[in-house]
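A.B. asks: Mind having a look at this structure? Questions to follow.
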Amino acid sequence: MEKASFYQEVYRDLEALIGDERDWIANLSNASALLNEKLDRINWVGFYILKGDELVLGPFQGKPACIRIGVGKGVCGQTVLHRKAHVVPDVHQFPGHIACDPASRSEVVIPLEHQGQILGVLDIDSPELARFDDDDAAGLAEIVSLLVKSCDWV
């Protein structure tokens, strides 16, 4: 299946899961479970929520993870700092990469932004080099957009 079609299907599945639910913890929990189920060749998927100058571990699927990441640190912190998605084909070539799971070899991180404010990031890791590309980032950005507008963030 073409990536754009795949991500449209995941978007529709998530939209149905969310329904009228507005709780961000519930929606991010279901989103991480759905992405874990639908995406192949990944070993971790989850969210970090921005609190002050740190990202704090939120709902996820996978092995235990780093709990706090400073803004500007690692791929997730750089995503917040620069307010743009990062597709990293080889995490060991990314300066300052934080290795929560040494099996991870590539990563994609998408910022969650609402009304000009960064809320956190969606982080997905793979044990495969170059697992993600710009098409993945675009599809995941649409999913993140759905989550941002479907949740109450207070």
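Following the order of the structure tokens, first chain is A, next is B, and so on, with residues numbered from 1 inside each chain and ligands from 1 in the order they appear.
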Where does DSSP see strand (DSSP E) in range 41-140 of chain A, if you list the residues as number ranges by chain?

C.D. replies: A: 44-51, 54-62, 68-70, 86-88, 106-114, 117-126

A.B. asks: Using only C-alpha atoms, what does the table of range 26-96 of chain A residues within 12 Å of range 1-10 of chain A look like, with each row giving the shortest atom pair and its distance in Å to one decimal, sorted by chain and ascending number, as a Markdown table?

C.D. replies:
| residue | atom | partner | partner_atom | distance |
| --- | --- | --- | --- | --- |
| A:Asn30 | CA | A:Val10 | CA | 11.9 |
| A:Ala31 | CA | A:Val10 | CA | 9.5 |
| A:Ser32 | CA | A:Val10 | CA | 11.5 |
| A:Ala33 | CA | A:Val10 | CA | 11.6 |
| A:Leu34 | CA | A:Val10 | CA | 7.9 |
| A:Leu35 | CA | A:Val10 | CA | 7.7 |
| A:Asn36 | CA | A:Val10 | CA | 11.0 |
| A:Glu37 | CA | A:Val10 | CA | 10.2 |
| A:Lys38 | CA | A:Val10 | CA | 7.5 |
| A:Leu39 | CA | A:Val10 | CA | 9.4 |
| A:Asp40 | CA | A:Phe6 | CA | 11.6 |

A.B. asks: List the neighbours of range 100-113 of chain A out to 6 Å using only C-alpha atoms; skip same-chain residues closer than 5 positions along the sequence, and give me the result as a VMD selection string.

C.D. replies: chain A and resid 65 to 66 85 to 91 118 to 130

A.B. asks: If you count only C-alpha atoms, which residues fall within 7 Å of Phe60 in chain A, apart from same-chain ones fewer than 6 positions away, as a PyMOL selection string?

C.D. replies: chain A and resi 29+32+45-47

A.B. asks: Can you tell me which residues surround Gly19 in chain A at a distance of at most 12 Å, considering only C-alpha atoms, apart from same-chain residues fewer than 5 positions away, and format the answer as a ChimeraX atom specification?

C.D. replies: /A:12-14,26-27,30,146-147,150-151

A.B. asks: Hey, can you spit out that residue selection with N, CA, C and O atoms as a PDB file, in the first residue's frame?

C.D. replies:
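Heads up, here's the output in out05.pdb:
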ATOM      1  N   ARG A  12      -8.048   7.777   9.670  1.00  0.00           N
ATOM      2  CA  ARG A  12      -9.473   7.445   9.826  1.00  0.00           C
ATOM      3  C   ARG A  12      -9.697   6.520  11.029  1.00  0.00           C
ATOM      4  O   ARG A  12     -10.666   6.689  11.776  1.00  0.00           O
ATOM      5  N   ASP A  13      -8.800   5.560  11.209  1.00  0.00           N
ATOM      6  CA  ASP A  13      -8.911   4.657  12.368  1.00  0.00           C
ATOM      7  C   ASP A  13      -8.802   5.439  13.675  1.00  0.00           C
ATOM      8  O   ASP A  13      -9.559   5.204  14.619  1.00  0.00           O
ATOM      9  N   LEU A  14      -7.861   6.364  13.729  1.00  0.00           N
ATOM     10  CA  LEU A  14      -7.673   7.168  14.938  1.00  0.00           C
ATOM     11  C   LEU A  14      -8.867   8.093  15.163  1.00  0.00           C
ATOM     12  O   LEU A  14      -9.333   8.240  16.296  1.00  0.00           O
ATOM     13  N   ALA A  26      -6.008  10.058  27.297  1.00  0.00           N
ATOM     14  CA  ALA A  26      -6.723   8.942  26.663  1.00  0.00           C
ATOM     15  C   ALA A  26      -6.432   8.899  25.167  1.00  0.00           C
ATOM     16  O   ALA A  26      -6.142   7.827  24.605  1.00  0.00           O
ATOM     17  N   ASN A  27      -6.493  10.040  24.511  1.00  0.00           N
ATOM     18  CA  ASN A  27      -6.301  10.073  23.062  1.00  0.00           C
ATOM     19  C   ASN A  27      -4.869   9.755  22.654  1.00  0.00           C
ATOM     20  O   ASN A  27      -4.634   9.033  21.680  1.00  0.00           O
ATOM     21  N   ASN A  30      -4.362   5.933  23.124  1.00  0.00           N
ATOM     22  CA  ASN A  30      -4.907   5.150  22.009  1.00  0.00           C
ATOM     23  C   ASN A  30      -4.111   5.376  20.728  1.00  0.00           C
ATOM     24  O   ASN A  30      -3.918   4.438  19.947  1.00  0.00           O
ATOM     25  N   LEU A 146      -4.552  15.907  13.840  1.00  0.00           N
ATOM     26  CA  LEU A 146      -5.826  15.391  14.339  1.00  0.00           C
ATOM     27  C   LEU A 146      -5.831  15.345  15.861  1.00  0.00           C
ATOM     28  O   LEU A 146      -6.773  15.790  16.515  1.00  0.00           O
ATOM     29  N   LEU A 147      -4.760  14.845  16.438  1.00  0.00           N
ATOM     30  CA  LEU A 147      -4.663  14.757  17.899  1.00  0.00           C
ATOM     31  C   LEU A 147      -4.700  16.140  18.549  1.00  0.00           C
ATOM     32  O   LEU A 147      -5.408  16.345  19.532  1.00  0.00           O
ATOM     33  N   SER A 150      -8.125  17.553  18.535  1.00  0.00           N
ATOM     34  CA  SER A 150      -9.142  16.709  19.176  1.00  0.00           C
ATOM     35  C   SER A 150      -9.015  16.646  20.688  1.00  0.00           C
ATOM     36  O   SER A 150      -9.812  15.942  21.329  1.00  0.00           O
ATOM     37  N   CYS A 151      -8.046  17.333  21.240  1.00  0.00           N
ATOM     38  CA  CYS A 151      -7.797  17.229  22.685  1.00  0.00           C
ATOM     39  C   CYS A 151      -7.938  18.575  23.380  1.00  0.00           C
ATOM     40  O   CYS A 151      -7.641  19.613  22.804  1.00  0.00           O
TER      41      CYS A 151
END

A.B. asks: Interatomic distance between CA of Tyr48 in chain A and CA of Lys149 in chain A?

C.D. replies: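 Taking CA of Tyr48 in chain A and CA of Lys149 in chain A, their separation equals 17.2 Å.
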
A.B. asks: Which parts of range 17-66 of chain A does DSSP call alpha helix (DSSP H) when run on the backbone here, written out as a PyMOL selection string?

C.D. replies: chain A and resi 17-18+24-38

A.B. asks: What would the file look like if the residues just selected were written as a compact mmCIF listing (two decimals), in the first residue's frame with all heavy atoms?

C.D. replies:
# COMPACT_ATOMS: atom_id res chain seq x y z
N LEU A 17 -11.47 6.07 16.71
CA LEU A 17 -11.12 5.76 18.10
C LEU A 17 -11.39 6.95 19.02
O LEU A 17 -11.91 6.79 20.12
CB LEU A 17 -9.63 5.43 18.20
CG LEU A 17 -9.20 3.98 18.23
CD1 LEU A 17 -7.68 3.91 18.25
CD2 LEU A 17 -9.80 3.22 19.37
N ILE A 18 -11.02 8.13 18.57
CA ILE A 18 -11.17 9.33 19.39
C ILE A 18 -12.65 9.68 19.58
O ILE A 18 -13.07 9.99 20.69
CB ILE A 18 -10.41 10.53 18.76
CG1 ILE A 18 -8.90 10.31 18.88
CG2 ILE A 18 -10.82 11.84 19.41
CD1 ILE A 18 -8.07 11.32 18.12
N TRP A 24 -6.62 14.40 26.62
CA TRP A 24 -5.38 14.20 25.87
C TRP A 24 -4.66 12.93 26.28
O TRP A 24 -4.03 12.29 25.44
CB TRP A 24 -4.47 15.43 25.95
CG TRP A 24 -3.86 15.74 27.29
CD1 TRP A 24 -4.36 16.57 28.24
CD2 TRP A 24 -2.63 15.24 27.80
NE1 TRP A 24 -3.52 16.61 29.32
CE2 TRP A 24 -2.45 15.80 29.08
CE3 TRP A 24 -1.66 14.36 27.32
CZ2 TRP A 24 -1.34 15.52 29.87
CZ3 TRP A 24 -0.56 14.08 28.11
CH2 TRP A 24 -0.40 14.66 29.37
N ILE A 25 -4.72 12.54 27.53
CA ILE A 25 -4.04 11.31 27.96
C ILE A 25 -4.69 10.10 27.30
O ILE A 25 -4.00 9.22 26.76
CB ILE A 25 -4.03 11.17 29.49
CG1 ILE A 25 -3.18 12.28 30.11
CG2 ILE A 25 -3.49 9.80 29.89
CD1 ILE A 25 -3.21 12.32 31.63
N ALA A 26 -6.01 10.06 27.30
CA ALA A 26 -6.72 8.94 26.66
C ALA A 26 -6.43 8.90 25.17
O ALA A 26 -6.14 7.83 24.61
CB ALA A 26 -8.22 9.07 26.91
N ASN A 27 -6.49 10.04 24.51
CA ASN A 27 -6.30 10.07 23.06
C ASN A 27 -4.87 9.75 22.65
O ASN A 27 -4.63 9.03 21.68
CB ASN A 27 -6.76 11.40 22.49
CG ASN A 27 -8.27 11.55 22.52
OD1 ASN A 27 -9.00 10.56 22.60
ND2 ASN A 27 -8.75 12.78 22.48
N LEU A 28 -3.88 10.26 23.39
CA LEU A 28 -2.49 9.95 23.08
C LEU A 28 -2.18 8.48 23.39
O LEU A 28 -1.39 7.85 22.68
CB LEU A 28 -1.53 10.88 23.82
CG LEU A 28 -1.13 12.15 23.08
CD1 LEU A 28 -2.30 12.99 22.61
CD2 LEU A 28 -0.16 12.97 23.89
N SER A 29 -2.82 7.94 24.41
CA SER A 29 -2.65 6.52 24.73
C SER A 29 -3.15 5.65 23.59
O SER A 29 -2.46 4.73 23.13
CB SER A 29 -3.38 6.17 26.03
OG SER A 29 -2.81 6.86 27.12
N ASN A 30 -4.36 5.93 23.12
CA ASN A 30 -4.91 5.15 22.01
C ASN A 30 -4.11 5.38 20.73
O ASN A 30 -3.92 4.44 19.95
CB ASN A 30 -6.38 5.47 21.79
CG ASN A 30 -7.29 4.53 22.56
OD1 ASN A 30 -6.90 3.42 22.90
ND2 ASN A 30 -8.50 4.96 22.82
N ALA A 31 -3.65 6.59 20.50
CA ALA A 31 -2.85 6.87 19.31
C ALA A 31 -1.55 6.07 19.32
O ALA A 31 -1.17 5.49 18.30
CB ALA A 31 -2.55 8.36 19.20
N SER A 32 -0.87 6.01 20.46
CA SER A 32 0.39 5.25 20.52
C SER A 32 0.12 3.76 20.32
O SER A 32 0.87 3.07 19.64
CB SER A 32 1.16 5.53 21.81
OG SER A 32 0.43 5.16 22.95
N ALA A 33 -0.97 3.25 20.88
CA ALA A 33 -1.31 1.84 20.70
C ALA A 33 -1.65 1.55 19.24
O ALA A 33 -1.21 0.53 18.68
CB ALA A 33 -2.48 1.46 21.61
N LEU A 34 -2.43 2.43 18.61
CA LEU A 34 -2.80 2.24 17.21
C LEU A 34 -1.57 2.29 16.30
O LEU A 34 -1.40 1.43 15.43
CB LEU A 34 -3.81 3.31 16.78
CG LEU A 34 -4.26 3.24 15.32
CD1 LEU A 34 -5.09 1.99 15.07
CD2 LEU A 34 -5.06 4.48 14.95
N LEU A 35 -0.72 3.28 16.49
CA LEU A 35 0.49 3.38 15.67
C LEU A 35 1.40 2.17 15.88
O LEU A 35 1.99 1.66 14.92
CB LEU A 35 1.24 4.68 15.97
CG LEU A 35 0.55 5.94 15.46
CD1 LEU A 35 1.20 7.19 16.06
CD2 LEU A 35 0.56 6.00 13.94
N ASN A 36 1.49 1.69 17.11
CA ASN A 36 2.30 0.51 17.39
C ASN A 36 1.76 -0.71 16.65
O ASN A 36 2.52 -1.55 16.16
CB ASN A 36 2.36 0.25 18.89
CG ASN A 36 3.37 -0.81 19.25
OD1 ASN A 36 4.54 -0.70 18.91
ND2 ASN A 36 2.92 -1.84 19.94
N GLU A 37 0.46 -0.80 16.59
CA GLU A 37 -0.19 -1.93 15.91
C GLU A 37 -0.05 -1.83 14.39
O GLU A 37 0.17 -2.83 13.72
CB GLU A 37 -1.67 -1.95 16.28
CG GLU A 37 -2.47 -3.04 15.63
CD GLU A 37 -3.94 -2.95 16.00
OE1 GLU A 37 -4.23 -2.90 17.22
OE2 GLU A 37 -4.78 -2.89 15.09
N LYS A 38 -0.17 -0.63 13.84
CA LYS A 38 -0.22 -0.45 12.38
C LYS A 38 1.15 -0.32 11.72
O LYS A 38 1.31 -0.74 10.58
CB LYS A 38 -1.05 0.80 12.04
CG LYS A 38 -2.50 0.71 12.43
CD LYS A 38 -3.26 -0.19 11.52
CE LYS A 38 -4.74 -0.15 11.82
NZ LYS A 38 -5.50 -1.00 10.90
